[in-house]
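Pasted below: data.txt, compact mmCIF, C-alpha atoms.
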# COMPACT_ATOMS: atom_id res chain seq x y z
CA MET A 26 45.42 -6.74 50.58
CA ILE A 27 48.55 -8.93 50.56
CA PHE A 28 49.49 -10.74 47.33
CA ASN A 29 46.26 -9.70 45.65
CA ASN A 30 47.68 -10.48 42.21
CA PRO A 31 50.55 -12.41 40.62
CA SER A 32 52.33 -9.10 40.01
CA ASP A 33 52.31 -8.42 43.79
CA ILE A 34 54.10 -11.74 44.33
CA CYS A 35 56.66 -10.86 41.62
CA GLU A 36 57.28 -7.45 43.18
CA PHE A 37 57.70 -8.97 46.64
CA TYR A 38 60.42 -11.31 45.36
CA ILE A 39 62.07 -8.55 43.28
CA ASN A 40 62.36 -6.49 46.47
CA GLU A 41 63.48 -9.39 48.65
CA VAL A 42 65.97 -11.06 46.33
CA ILE A 43 67.57 -8.36 44.15
CA LYS A 44 70.26 -6.00 45.39
CA GLN A 45 71.69 -2.92 43.71
CA GLY A 46 74.44 -3.98 41.30
CA ASP A 47 73.02 -7.45 40.61
CA THR A 48 72.69 -9.08 37.22
CA VAL A 49 69.15 -10.27 36.43
CA VAL A 50 67.13 -11.57 33.48
CA ASP A 51 63.75 -10.69 32.04
CA ALA A 52 63.17 -13.88 30.07
CA THR A 53 59.95 -12.59 28.48
CA VAL A 54 60.24 -8.86 27.89
CA GLY A 55 56.70 -8.39 26.52
CA ASN A 56 55.75 -4.75 26.95
CA GLY A 57 58.64 -4.15 29.35
CA ASN A 58 56.74 -3.68 32.61
CA ASP A 59 58.92 -6.21 34.45
CA THR A 60 62.02 -5.00 32.58
CA LEU A 61 61.51 -1.55 34.09
CA LYS A 62 61.02 -2.95 37.60
CA LEU A 63 64.18 -5.03 37.25
CA SER A 64 66.12 -2.03 35.89
CA ASN A 65 65.15 0.01 38.94
CA ALA A 66 65.92 -2.87 41.33
CA VAL A 67 69.50 -3.43 40.14
CA GLY A 68 70.29 0.29 39.76
CA GLU A 69 73.03 2.03 37.80
CA ASN A 70 75.71 -0.58 38.58
CA GLY A 71 73.46 -3.54 37.80
CA LEU A 72 72.56 -5.25 34.55
CA VAL A 73 69.30 -6.54 33.07
CA TYR A 74 69.26 -9.01 30.15
CA GLY A 75 65.91 -8.80 28.39
CA PHE A 76 64.89 -11.58 25.96
CA ASP A 77 62.02 -11.64 23.50
CA ILE A 78 61.64 -13.39 20.16
CA GLN A 79 59.34 -10.61 18.93
CA GLU A 80 60.96 -7.39 17.77
CA GLN A 81 57.60 -5.68 18.35
CA ALA A 82 57.87 -6.51 22.06
CA ILE A 83 61.40 -5.18 22.36
CA GLU A 84 60.48 -1.97 20.55
CA ALA A 85 57.57 -1.47 22.97
CA ALA A 86 59.73 -2.31 25.99
CA LYS A 87 62.36 0.25 24.95
CA LYS A 88 59.72 2.96 25.36
CA GLN A 89 59.38 2.42 29.10
CA ASN A 90 60.61 5.28 31.23
CA TYR A 91 64.02 3.95 32.34
CA LYS A 92 66.04 5.76 34.97
CA TYR A 93 69.23 3.82 34.22
CA SER A 94 70.81 2.60 30.98
CA ASN A 95 71.38 -0.87 32.37
CA VAL A 96 69.24 -3.05 30.06
CA ILE A 97 70.59 -5.21 27.23
CA PHE A 98 67.74 -6.19 24.92
CA LEU A 99 68.23 -9.43 23.02
CA ASN A 100 65.90 -10.33 20.17
CA HIS A 101 66.57 -14.04 20.77
CA SER A 102 64.88 -17.00 22.42
CA HIS A 103 65.22 -17.23 26.20
CA ALA A 104 66.13 -20.87 25.60
CA ASP A 105 69.50 -19.49 24.42
CA MET A 106 70.09 -17.28 27.44
CA ASP A 107 73.19 -19.25 28.45
CA LYS A 108 74.90 -18.10 25.24
CA TYR A 109 74.63 -14.43 26.15
CA ILE A 110 74.82 -14.18 29.93
CA ILE A 111 78.15 -14.03 31.70
CA GLY A 112 78.41 -14.98 35.38
CA GLU A 113 75.69 -15.64 37.95
CA VAL A 114 72.34 -13.91 38.22
CA SER A 115 70.16 -13.21 41.25
CA ALA A 116 66.78 -13.36 39.51
CA VAL A 117 65.10 -14.50 36.30
CA ILE A 118 61.49 -13.57 35.54
CA PHE A 119 59.24 -15.45 33.12
CA ASN A 120 55.76 -14.28 32.11
CA LEU A 121 54.57 -17.18 30.00
CA GLY A 122 51.96 -16.91 27.26
CA TYR A 123 51.71 -14.45 24.41
CA LEU A 124 52.43 -10.76 24.06
CA PRO A 125 49.48 -8.68 25.34
CA GLY A 126 47.87 -7.19 22.24
CA GLY A 127 50.17 -9.20 19.98
CA ASP A 128 49.86 -12.24 17.71
CA HIS A 129 48.31 -15.14 19.64
CA ASN A 130 50.04 -17.60 17.33
CA ILE A 131 53.36 -16.51 18.78
CA SER A 132 53.45 -17.67 22.39
CA THR A 133 55.88 -19.43 24.70
CA LYS A 134 55.83 -23.19 24.18
CA TYR A 135 56.38 -26.06 26.57
CA GLU A 136 59.68 -27.33 25.09
CA THR A 137 61.47 -23.99 24.93
CA THR A 138 60.02 -22.89 28.27
CA VAL A 139 61.36 -25.97 30.07
CA SER A 140 64.71 -25.64 28.31
CA ALA A 141 64.87 -21.96 29.34
CA LEU A 142 63.88 -22.75 32.95
CA GLU A 143 66.70 -25.29 33.15
CA LYS A 144 69.21 -22.76 31.85
CA ALA A 145 67.89 -20.08 34.20
CA MET A 146 68.31 -22.40 37.20
CA LYS A 147 71.90 -23.12 36.18
CA LEU A 148 72.69 -19.40 36.05
CA LEU A 149 71.36 -18.67 39.58
CA ALA A 150 73.68 -17.60 42.36
CA PRO A 151 72.92 -19.20 45.77
CA GLY A 152 69.68 -17.61 47.01
CA GLY A 153 68.92 -16.57 43.43
CA THR A 154 65.35 -16.97 42.26
CA VAL A 155 63.40 -17.85 39.14
CA ILE A 156 59.91 -16.30 39.23
CA THR A 157 57.48 -17.72 36.67
CA VAL A 158 53.94 -16.49 36.03
CA ILE A 159 52.04 -19.36 34.42
CA TYR A 160 48.85 -18.57 32.50
CA ARG A 161 46.30 -21.30 32.12
CA GLY A 162 43.94 -19.68 29.64
CA GLY A 163 44.69 -18.40 26.16
CA ASP A 164 45.32 -20.31 22.99
CA SER A 165 48.03 -22.73 24.09
CA GLY A 166 48.06 -21.84 27.76
CA PHE A 167 46.44 -24.93 29.26
CA GLU A 168 48.69 -27.37 27.52
CA GLU A 169 51.84 -25.45 28.38
CA CYS A 170 50.73 -24.93 31.97
CA ASP A 171 50.24 -28.63 32.72
CA GLY A 172 53.60 -29.55 31.27
CA VAL A 173 55.47 -26.74 33.00
CA VAL A 174 53.88 -27.57 36.39
CA GLU A 175 54.83 -31.24 35.95
CA TYR A 176 58.39 -30.22 35.11
CA ILE A 177 58.56 -27.97 38.18
CA ARG A 178 57.17 -30.77 40.38
CA GLY A 179 60.24 -32.82 39.46
CA ILE A 180 62.88 -30.21 40.38
CA ASP A 181 65.41 -31.45 42.96
CA TYR A 182 64.04 -30.22 46.30
CA LYS A 183 67.43 -30.61 47.93
CA ARG A 184 68.97 -27.99 45.64
CA PHE A 185 65.98 -25.68 45.11
CA ASN A 186 63.12 -24.41 47.27
CA VAL A 187 60.08 -24.57 45.00
CA LEU A 188 56.82 -22.86 45.96
CA LEU A 189 53.65 -22.62 43.88
CA PHE A 190 51.17 -19.79 44.53
CA ASP A 191 47.65 -20.67 43.38
CA TYR A 192 44.56 -18.41 43.58
CA ILE A 193 42.37 -21.48 43.83
CA SER A 194 39.02 -19.78 44.42
CA ARG A 195 39.12 -17.47 41.40
CA PRO A 196 37.16 -18.27 38.24
CA LYS A 197 38.51 -18.34 34.67
CA ASN A 198 41.82 -20.08 35.45
CA PRO A 199 43.83 -17.23 36.96
CA PRO A 200 47.61 -17.35 36.49
CA MET A 201 49.72 -19.24 39.03
CA VAL A 202 53.13 -18.10 40.20
CA CYS A 203 56.00 -20.53 40.66
CA VAL A 204 59.07 -19.48 42.61
CA ILE A 205 62.26 -21.54 42.39
CA GLN A 206 64.97 -20.43 44.81
CA LYS A 207 68.48 -21.91 44.73
CA LYS A 208 69.74 -23.08 48.12
CA MET B 30 65.78 -18.64 51.87
CA ILE B 31 62.33 -17.04 51.54
CA PHE B 32 59.28 -19.04 52.68
CA ASN B 33 61.40 -22.14 53.25
CA ASN B 34 58.69 -23.69 55.44
CA PRO B 35 54.99 -23.27 56.21
CA SER B 36 55.93 -21.63 59.51
CA ASP B 37 57.83 -18.91 57.57
CA ILE B 38 54.63 -18.16 55.64
CA CYS B 39 52.63 -17.98 58.90
CA GLU B 40 55.17 -15.65 60.47
CA PHE B 41 55.16 -13.40 57.40
CA TYR B 42 51.38 -12.97 57.65
CA ILE B 43 51.47 -12.56 61.44
CA ASN B 44 53.90 -9.67 60.92
CA GLU B 45 52.01 -8.15 57.99
CA VAL B 46 48.46 -8.45 59.26
CA ILE B 47 48.50 -8.15 63.06
CA LYS B 48 48.92 -4.84 64.87
CA GLN B 49 49.51 -4.21 68.58
CA GLY B 50 46.18 -4.23 70.40
CA ASP B 51 44.42 -6.57 67.95
CA THR B 52 42.22 -9.51 68.87
CA VAL B 53 43.32 -12.79 67.24
CA VAL B 54 42.58 -16.51 67.46
CA ASP B 55 44.77 -19.59 67.70
CA ALA B 56 42.18 -22.14 66.58
CA THR B 57 44.49 -25.11 67.24
CA VAL B 58 46.67 -24.36 70.26
CA GLY B 59 48.68 -27.61 70.14
CA ASN B 60 51.95 -27.04 71.96
CA GLY B 61 51.45 -23.28 71.94
CA ASN B 62 54.15 -22.25 69.49
CA ASP B 63 51.78 -20.14 67.43
CA THR B 64 49.96 -18.96 70.58
CA LEU B 65 53.21 -17.41 71.79
CA LYS B 66 53.86 -15.73 68.43
CA LEU B 67 50.34 -14.31 68.43
CA SER B 68 50.68 -13.13 72.03
CA ASN B 69 53.83 -11.21 71.13
CA ALA B 70 52.25 -9.80 67.97
CA VAL B 71 49.19 -8.28 69.68
CA GLY B 72 51.13 -7.06 72.74
CA GLU B 73 49.87 -6.04 76.15
CA ASN B 74 46.70 -4.34 74.90
CA GLY B 75 45.78 -7.18 72.55
CA LEU B 76 43.95 -10.44 73.11
CA VAL B 77 44.54 -14.03 71.95
CA TYR B 78 41.78 -16.64 72.10
CA GLY B 79 43.36 -20.13 72.14
CA PHE B 80 41.17 -23.16 71.36
CA ASP B 81 42.01 -26.82 71.80
CA ILE B 82 39.79 -29.81 72.58
CA GLN B 83 42.68 -31.53 74.40
CA GLU B 84 43.47 -30.38 77.93
CA GLN B 85 46.95 -31.87 77.47
CA ALA B 86 47.58 -29.37 74.65
CA ILE B 87 46.42 -26.39 76.68
CA GLU B 88 48.54 -27.43 79.68
CA ALA B 89 51.58 -27.68 77.39
CA ALA B 90 50.79 -24.35 75.72
CA LYS B 91 50.53 -22.59 79.10
CA LYS B 92 54.19 -23.44 79.72
CA GLN B 93 55.41 -21.25 76.84
CA ASN B 94 57.41 -18.23 77.89
CA TYR B 95 54.78 -15.48 77.56
CA LYS B 96 55.77 -11.83 77.88
CA TYR B 97 52.15 -10.65 78.21
CA SER B 98 49.13 -12.08 80.02
CA ASN B 99 46.90 -11.62 77.01
CA VAL B 100 45.87 -15.22 76.19
CA ILE B 101 42.47 -16.76 77.01
CA PHE B 102 42.72 -20.56 76.75
CA LEU B 103 39.46 -22.33 75.93
CA ASN B 104 39.25 -26.10 76.23
CA HIS B 105 36.51 -26.18 73.59
CA SER B 106 36.13 -26.97 69.91
CA HIS B 107 37.18 -24.22 67.49
CA ALA B 108 33.88 -24.94 65.74
CA ASP B 109 32.30 -23.08 68.69
CA MET B 110 34.58 -20.04 68.48
CA ASP B 111 31.65 -17.73 67.68
CA LYS B 112 30.19 -18.45 71.14
CA TYR B 113 33.23 -17.08 72.94
CA ILE B 114 34.68 -14.32 70.80
CA ILE B 115 33.37 -10.77 71.01
CA GLY B 116 33.92 -8.32 68.14
CA GLU B 117 36.12 -8.60 65.06
CA VAL B 118 39.49 -10.30 64.81
CA SER B 119 42.46 -9.56 62.57
CA ALA B 120 43.82 -13.10 62.31
CA VAL B 121 42.88 -16.72 62.93
CA ILE B 122 45.48 -19.50 62.70
CA PHE B 123 44.69 -23.17 62.11
CA ASN B 124 47.29 -25.94 62.25
CA LEU B 125 45.25 -28.93 61.14
CA GLY B 126 46.03 -32.53 62.09
CA TYR B 127 46.81 -34.05 65.47
CA LEU B 128 48.80 -32.82 68.48
CA PRO B 129 52.54 -33.45 67.94
CA GLY B 130 53.43 -36.29 70.33
CA GLY B 131 49.76 -36.76 71.24
CA ASP B 132 47.02 -39.31 70.50
CA HIS B 133 46.70 -39.77 66.72
CA ASN B 134 43.06 -40.79 67.17
CA ILE B 135 42.30 -37.24 68.22
CA SER B 136 42.76 -35.01 65.21
CA THR B 137 40.91 -32.21 63.48
CA LYS B 138 38.17 -33.57 61.22
CA TYR B 139 36.73 -32.29 57.97
CA GLU B 140 33.26 -31.35 59.28
CA THR B 141 34.39 -29.38 62.32
CA THR B 142 37.29 -27.82 60.40
CA VAL B 143 35.01 -26.47 57.69
CA SER B 144 32.50 -25.26 60.28
CA ALA B 145 35.31 -23.53 62.17
CA LEU B 146 36.71 -21.96 58.98
CA GLU B 147 33.29 -20.53 58.19
CA LYS B 148 32.98 -19.03 61.65
CA ALA B 149 36.52 -17.67 61.50
CA MET B 150 35.78 -15.94 58.19
CA LYS B 151 32.68 -14.33 59.68
CA LEU B 152 34.70 -12.93 62.58
CA LEU B 153 37.32 -11.26 60.35
CA ALA B 154 37.66 -7.48 60.19
CA PRO B 155 38.32 -6.11 56.66
CA GLY B 156 41.90 -7.09 55.77
CA GLY B 157 41.73 -9.78 58.44
CA THR B 158 43.25 -13.12 57.57
CA VAL B 159 42.69 -16.82 58.22
CA ILE B 160 45.96 -18.77 57.92
CA THR B 161 45.54 -22.53 57.66
CA VAL B 162 48.35 -25.11 57.59
CA ILE B 163 46.96 -28.25 55.95
CA TYR B 164 48.78 -31.54 56.49
CA ARG B 165 48.34 -34.24 53.90
CA GLY B 166 50.02 -37.15 55.67
CA GLY B 167 49.17 -38.71 59.03
CA ASP B 168 46.27 -40.90 59.98
CA SER B 169 43.33 -38.88 58.67
CA GLY B 170 45.27 -36.14 56.97
CA PHE B 171 44.73 -37.04 53.33
CA GLU B 172 40.99 -37.29 53.61
CA GLU B 173 40.66 -34.05 55.56
CA CYS B 174 43.05 -32.22 53.21
CA ASP B 175 41.09 -33.00 50.05
CA GLY B 176 37.82 -31.90 51.60
CA VAL B 177 39.25 -28.72 53.09
CA VAL B 178 40.92 -27.73 49.81
CA GLU B 179 37.64 -28.31 47.94
CA TYR B 180 35.82 -26.16 50.50
CA ILE B 181 38.40 -23.39 50.13
CA ARG B 182 38.16 -23.56 46.33
CA GLY B 183 34.49 -22.61 46.68
CA ILE B 184 34.99 -19.50 48.84
CA ASP B 185 33.51 -16.32 47.32
CA TYR B 186 36.45 -14.69 45.53
CA LYS B 187 34.66 -11.33 45.50
CA ARG B 188 34.67 -11.15 49.30
CA PHE B 189 37.93 -12.98 50.10
CA ASN B 190 41.38 -13.15 48.52
CA VAL B 191 42.32 -16.84 48.72
CA LEU B 192 45.88 -17.99 48.05
CA LEU B 193 47.24 -21.54 48.35
CA PHE B 194 50.99 -22.07 48.94
CA ASP B 195 52.14 -25.49 47.76
CA TYR B 196 55.70 -26.93 48.01
CA ILE B 197 55.03 -29.04 44.94
CA SER B 198 58.52 -30.50 44.48
CA ARG B 199 58.91 -31.91 48.01
CA PRO B 200 58.41 -35.60 48.72
CA LYS B 201 56.19 -37.11 51.44
CA ASN B 202 53.23 -34.77 50.99
CA PRO B 203 54.50 -31.61 52.71
CA PRO B 204 51.89 -29.36 54.34
CA MET B 205 50.21 -26.68 52.23
CA VAL B 206 49.31 -23.24 53.55
CA CYS B 207 46.03 -21.56 52.67
CA VAL B 208 45.56 -17.86 53.30
CA ILE B 209 42.07 -16.32 53.23
CA GLN B 210 42.05 -12.53 53.47
CA LYS B 211 38.82 -10.57 53.82
CA LYS B 212 38.47 -7.68 51.36
Could you write out this file's structure as structure tokens?
Amino acid sequence: MIFNNPSDICEFYINEVIKQGDTVVDATVGNGNDTLKLSNAVGENGLVYGFDIQEQAIEAAKKQNYKYSNVIFLNHSHADMDKYIIGEVSAVIFNLGYLPGGDHNISTKYETTVSALEKAMKLLAPGGTVITVIYRGGDSGFEECDGVVEYIRGIDYKRFNVLLFDYISRPKNPPMVCVIQKK
Amino acid sequence: MIFNNPSDICEFYINEVIKQGDTVVDATVGNGNDTLKLSNAVGENGLVYGFDIQEQAIEAAKKQNYKYSNVIFLNHSHADMDKYIIGEVSAVIFNLGYLPGGDHNISTKYETTVSALEKAMKLLAPGGTVITVIYRGGDSGFEECDGVVEYIRGIDYKRFNVLLFDYISRPKNPPMVCVIQKK
């Protein structure tokens, strides 16, 4: 089955876009599953910036089985990523919503998400890609989703190739994936 | 640029899904661009059924530069594809709308499109895929598009993996691509 889940789409882009030695960003570290994939994709000469406002998430993510010591964990908001990242990046991954198994009151919010997306797009090298998994369920998911999709709809199509992946036949509001690639 | 256009998405699936020797369907032959791609993908031991209700389209499509004589052109409606096709198929491609450069009064219509999609899905082998490019502009495009998307939204998600690709930031209602893969 091709692209059976949002994570298949993320992995496809990780493989297509990221080269060994690249600098990339995990904008929502969570439990570190994507952080590990990014760490493996950029290899020993690459660099992964991992952001999460919850220390609990970063502690969990540090326990993944890393092959390379190429991850910088930052217990800060991804909306501040421009303060920490030097140079251009080839990929930024966002998994919106709240930490699996964590406090549902602490979740990504529309304002900071849009601010972080804007900063991520500015950091992209040509061909670089922002991959965003947008959840529609959850406690604040619906509200955030609508706003984020509207924001993405307005992105300059001359500068970025924007593609939304939607599992439209699935029940219970499955996550969508939005891919923003810099021309 | 990855998936810069609907045709890139079609080509990706043609490469991923179709093996040499397969039987496949071009449900809307048009000028034969997809017919040629399908012919090359299935190779000399494969078979392509090409449907178009316009003789003008089939005549144009026959002029493509085929490497293999593996295409059966049928000047019949794709809604009748089950009458002509024997066995299972690995891929069916639809390019909805009217013939480029042809009569805009002759275009695919909601009722026959949905009937043809249903028949195409029944013909699929496991893993087999229906790829549909849905135009939203044109003379009857909007109306057909809405109906087709609603139909697709109702497909049984337990039997088929349905994924809609939408270039949401582009102006002038760019085509969407819908991929239906049989589990």
| task | May I have the residues of chain A within 9 Å of chain B, counting only C-alpha atoms, written as number ranges by chain? | result | A: 26-29, 38, 41-42, 152, 174, 177-183, 185-196, 206-208
| task | In Å, rounded to a single decimal, give me how far atom CA of A:Asp59 is from atom CA of A:Glu168. | result | 24.5 Å
Could you pull the residues within 9 Å of B:Lys66, counting all atoms listed in the file, minus those fewer than 4 positions along the same chain, as a PDB file with C-alpha atoms, in the coordinates of the input?
ATOM      1  CA  GLU B  40      55.170 -15.650  60.470  1.00  0.00           C
ATOM      2  CA  ILE B  43      51.470 -12.560  61.440  1.00  0.00           C
ATOM      3  CA  GLY B  61      51.450 -23.280  71.940  1.00  0.00           C
ATOM      4  CA  ASN B  62      54.150 -22.250  69.490  1.00  0.00           C
ATOM      5  CA  ALA B  70      52.250  -9.800  67.970  1.00  0.00           C
ATOM      6  CA  VAL B  71      49.190  -8.280  69.680  1.00  0.00           C
TER       7      VAL B  71
END
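Our summary of the geometry notes that atom CA of B:Cys174 is positioned 10.2 Å from atom CA of B:Thr142.
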With all Cα atoms paired residue by residue, do a least-squares superposition of chain B on chain A and hand back the transformed coordinates as a compact mmCIF listing (two decimals) with C-alpha atoms, in the frame of the given file.
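Written out: out21.txt:
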# COMPACT_ATOMS: atom_id res chain seq x y z
CA MET B 30 45.41 -6.74 50.52
CA ILE B 31 48.54 -8.93 50.53
CA PHE B 32 49.49 -10.77 47.31
CA ASN B 33 46.25 -9.71 45.64
CA ASN B 34 47.69 -10.48 42.19
CA PRO B 35 50.57 -12.40 40.61
CA SER B 36 52.34 -9.09 39.99
CA ASP B 37 52.30 -8.41 43.77
CA ILE B 38 54.09 -11.73 44.31
CA CYS B 39 56.68 -10.85 41.63
CA GLU B 40 57.28 -7.44 43.17
CA PHE B 41 57.69 -8.96 46.63
CA TYR B 42 60.44 -11.28 45.36
CA ILE B 43 62.08 -8.54 43.28
CA ASN B 44 62.36 -6.49 46.48
CA GLU B 45 63.48 -9.39 48.66
CA VAL B 46 65.96 -11.05 46.33
CA ILE B 47 67.56 -8.36 44.15
CA LYS B 48 70.25 -6.00 45.41
CA GLN B 49 71.70 -2.91 43.71
CA GLY B 50 74.44 -3.97 41.31
CA ASP B 51 73.01 -7.44 40.61
CA THR B 52 72.71 -9.08 37.21
CA VAL B 53 69.16 -10.27 36.42
CA VAL B 54 67.14 -11.57 33.48
CA ASP B 55 63.75 -10.69 32.05
CA ALA B 56 63.19 -13.88 30.06
CA THR B 57 59.96 -12.60 28.48
CA VAL B 58 60.24 -8.85 27.90
CA GLY B 59 56.71 -8.38 26.51
CA ASN B 60 55.74 -4.75 26.97
CA GLY B 61 58.63 -4.15 29.35
CA ASN B 62 56.75 -3.69 32.60
CA ASP B 63 58.90 -6.19 34.46
CA THR B 64 62.02 -5.00 32.59
CA LEU B 65 61.52 -1.54 34.09
CA LYS B 66 61.02 -2.95 37.60
CA LEU B 67 64.18 -5.01 37.25
CA SER B 68 66.13 -2.03 35.91
CA ASN B 69 65.15 0.01 38.95
CA ALA B 70 65.92 -2.86 41.32
CA VAL B 71 69.51 -3.42 40.13
CA GLY B 72 70.29 0.30 39.75
CA GLU B 73 73.05 2.01 37.82
CA ASN B 74 75.72 -0.59 38.59
CA GLY B 75 73.46 -3.54 37.80
CA LEU B 76 72.57 -5.25 34.55
CA VAL B 77 69.30 -6.54 33.06
CA TYR B 78 69.28 -9.00 30.16
CA GLY B 79 65.91 -8.78 28.35
CA PHE B 80 64.90 -11.59 25.97
CA ASP B 81 62.02 -11.64 23.51
CA ILE B 82 61.64 -13.40 20.16
CA GLN B 83 59.34 -10.61 18.92
CA GLU B 84 60.95 -7.38 17.77
CA GLN B 85 57.59 -5.67 18.34
CA ALA B 86 57.87 -6.52 22.05
CA ILE B 87 61.40 -5.18 22.37
CA GLU B 88 60.48 -1.95 20.55
CA ALA B 89 57.56 -1.47 22.96
CA ALA B 90 59.72 -2.31 25.99
CA LYS B 91 62.35 0.26 24.95
CA LYS B 92 59.72 2.98 25.35
CA GLN B 93 59.39 2.42 29.11
CA ASN B 94 60.62 5.28 31.24
CA TYR B 95 64.02 3.95 32.34
CA LYS B 96 66.03 5.78 34.99
CA TYR B 97 69.22 3.81 34.24
CA SER B 98 70.80 2.60 31.00
CA ASN B 99 71.38 -0.87 32.38
CA VAL B 100 69.24 -3.05 30.07
CA ILE B 101 70.60 -5.22 27.23
CA PHE B 102 67.74 -6.19 24.91
CA LEU B 103 68.24 -9.45 23.01
CA ASN B 104 65.89 -10.35 20.18
CA HIS B 105 66.56 -14.05 20.77
CA SER B 106 64.88 -17.01 22.42
CA HIS B 107 65.21 -17.23 26.21
CA ALA B 108 66.12 -20.87 25.59
CA ASP B 109 69.48 -19.48 24.41
CA MET B 110 70.08 -17.28 27.46
CA ASP B 111 73.19 -19.26 28.44
CA LYS B 112 74.90 -18.09 25.22
CA TYR B 113 74.62 -14.43 26.15
CA ILE B 114 74.81 -14.18 29.92
CA ILE B 115 78.15 -14.04 31.71
CA GLY B 116 78.42 -14.99 35.39
CA GLU B 117 75.71 -15.64 37.97
CA VAL B 118 72.35 -13.92 38.22
CA SER B 119 70.17 -13.21 41.25
CA ALA B 120 66.79 -13.35 39.51
CA VAL B 121 65.12 -14.50 36.31
CA ILE B 122 61.50 -13.57 35.53
CA PHE B 123 59.25 -15.45 33.12
CA ASN B 124 55.78 -14.27 32.11
CA LEU B 125 54.58 -17.19 30.02
CA GLY B 126 51.97 -16.92 27.26
CA TYR B 127 51.70 -14.48 24.39
CA LEU B 128 52.43 -10.75 24.06
CA PRO B 129 49.47 -8.70 25.37
CA GLY B 130 47.85 -7.19 22.26
CA GLY B 131 50.15 -9.22 20.00
CA ASP B 132 49.83 -12.25 17.71
CA HIS B 133 48.30 -15.16 19.67
CA ASN B 134 50.04 -17.62 17.33
CA ILE B 135 53.34 -16.52 18.80
CA SER B 136 53.47 -17.68 22.39
CA THR B 137 55.90 -19.42 24.70
CA LYS B 138 55.83 -23.19 24.18
CA TYR B 139 56.39 -26.06 26.57
CA GLU B 140 59.69 -27.32 25.09
CA THR B 141 61.47 -23.98 24.93
CA THR B 142 60.02 -22.89 28.28
CA VAL B 143 61.36 -25.95 30.06
CA SER B 144 64.72 -25.61 28.31
CA ALA B 145 64.87 -21.96 29.34
CA LEU B 146 63.88 -22.76 32.94
CA GLU B 147 66.70 -25.29 33.14
CA LYS B 148 69.22 -22.77 31.86
CA ALA B 149 67.89 -20.09 34.20
CA MET B 150 68.31 -22.41 37.19
CA LYS B 151 71.90 -23.12 36.19
CA LEU B 152 72.69 -19.40 36.06
CA LEU B 153 71.37 -18.69 39.58
CA ALA B 154 73.70 -17.60 42.38
CA PRO B 155 72.92 -19.20 45.79
CA GLY B 156 69.68 -17.59 47.02
CA GLY B 157 68.93 -16.57 43.44
CA THR B 158 65.36 -16.97 42.28
CA VAL B 159 63.41 -17.85 39.15
CA ILE B 160 59.92 -16.30 39.23
CA THR B 161 57.50 -17.73 36.68
CA VAL B 162 53.95 -16.50 36.02
CA ILE B 163 52.04 -19.37 34.40
CA TYR B 164 48.85 -18.58 32.50
CA ARG B 165 46.30 -21.33 32.13
CA GLY B 166 43.91 -19.71 29.66
CA GLY B 167 44.62 -18.41 26.16
CA ASP B 168 45.28 -20.32 23.00
CA SER B 169 48.01 -22.72 24.10
CA GLY B 170 48.05 -21.84 27.76
CA PHE B 171 46.41 -24.92 29.25
CA GLU B 172 48.67 -27.36 27.51
CA GLU B 173 51.83 -25.44 28.36
CA CYS B 174 50.73 -24.93 31.97
CA ASP B 175 50.23 -28.62 32.71
CA GLY B 176 53.60 -29.54 31.26
CA VAL B 177 55.45 -26.73 33.01
CA VAL B 178 53.87 -27.56 36.38
CA GLU B 179 54.82 -31.24 35.95
CA TYR B 180 58.38 -30.20 35.11
CA ILE B 181 58.55 -27.97 38.19
CA ARG B 182 57.16 -30.77 40.39
CA GLY B 183 60.23 -32.81 39.45
CA ILE B 184 62.86 -30.21 40.38
CA ASP B 185 65.40 -31.45 42.95
CA TYR B 186 64.03 -30.23 46.29
CA LYS B 187 67.44 -30.63 47.92
CA ARG B 188 68.98 -27.99 45.65
CA PHE B 189 65.99 -25.67 45.11
CA ASN B 190 63.13 -24.41 47.28
CA VAL B 191 60.08 -24.57 45.00
CA LEU B 192 56.83 -22.87 45.96
CA LEU B 193 53.65 -22.63 43.87
CA PHE B 194 51.17 -19.78 44.53
CA ASP B 195 47.66 -20.66 43.38
CA TYR B 196 44.55 -18.41 43.57
CA ILE B 197 42.37 -21.49 43.82
CA SER B 198 39.02 -19.78 44.42
CA ARG B 199 39.12 -17.47 41.38
CA PRO B 200 37.16 -18.27 38.23
CA LYS B 201 38.52 -18.33 34.66
CA ASN B 202 41.81 -20.08 35.43
CA PRO B 203 43.83 -17.23 36.97
CA PRO B 204 47.61 -17.35 36.50
CA MET B 205 49.71 -19.26 39.03
CA VAL B 206 53.13 -18.10 40.20
CA CYS B 207 56.00 -20.53 40.67
CA VAL B 208 59.07 -19.49 42.62
CA ILE B 209 62.28 -21.54 42.41
CA GLN B 210 64.99 -20.43 44.83
CA LYS B 211 68.48 -21.92 44.73
CA LYS B 212 69.77 -23.09 48.12
| message | Calculated over all atoms listed in the file, which of the candidates A:Asp171, A:Glu136, A:Asp51, A:Asp128 has the smallest distance to A:Leu99? | response |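 Ranking A:Asp171, A:Glu136, A:Asp51, A:Asp128 by distance to A:Leu99, first place goes to A:Asp51.
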| In terms of the shortest atom-to-atom distance over only C-alpha atoms, which of A:Val155, A:Ile43, A:Ala82, A:Val173 is closest to A:Asn100? |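 That would be A:Ala82, the residue with the smallest distance to A:Asn100.
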| message | When you look at stretch 77-81 of chain B with a cut-off of 10 Å (counting all atoms listed in the file), what residues show up, excluding the ones that are within fewer than 4 positions of it in the same chain? I need them as a VMD selection string. | response | chain B and resid 51 to 61 63 to 65 67 to 72 85 to 87 90 98 to 110 113 to 114 118 120 to 123 128 137
| Separation of atom CA of B:Asp37 and atom CA of B:Ile115, in Å? | 29.1 Å
| task | Find the residue from B:Gln49, B:Ser119, B:Asn44, B:Asn74 that sits nearest to B:Met150; use only C-alpha atoms when measuring. | result |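 Under the stated criterion, the closest residue is B:Ser119.
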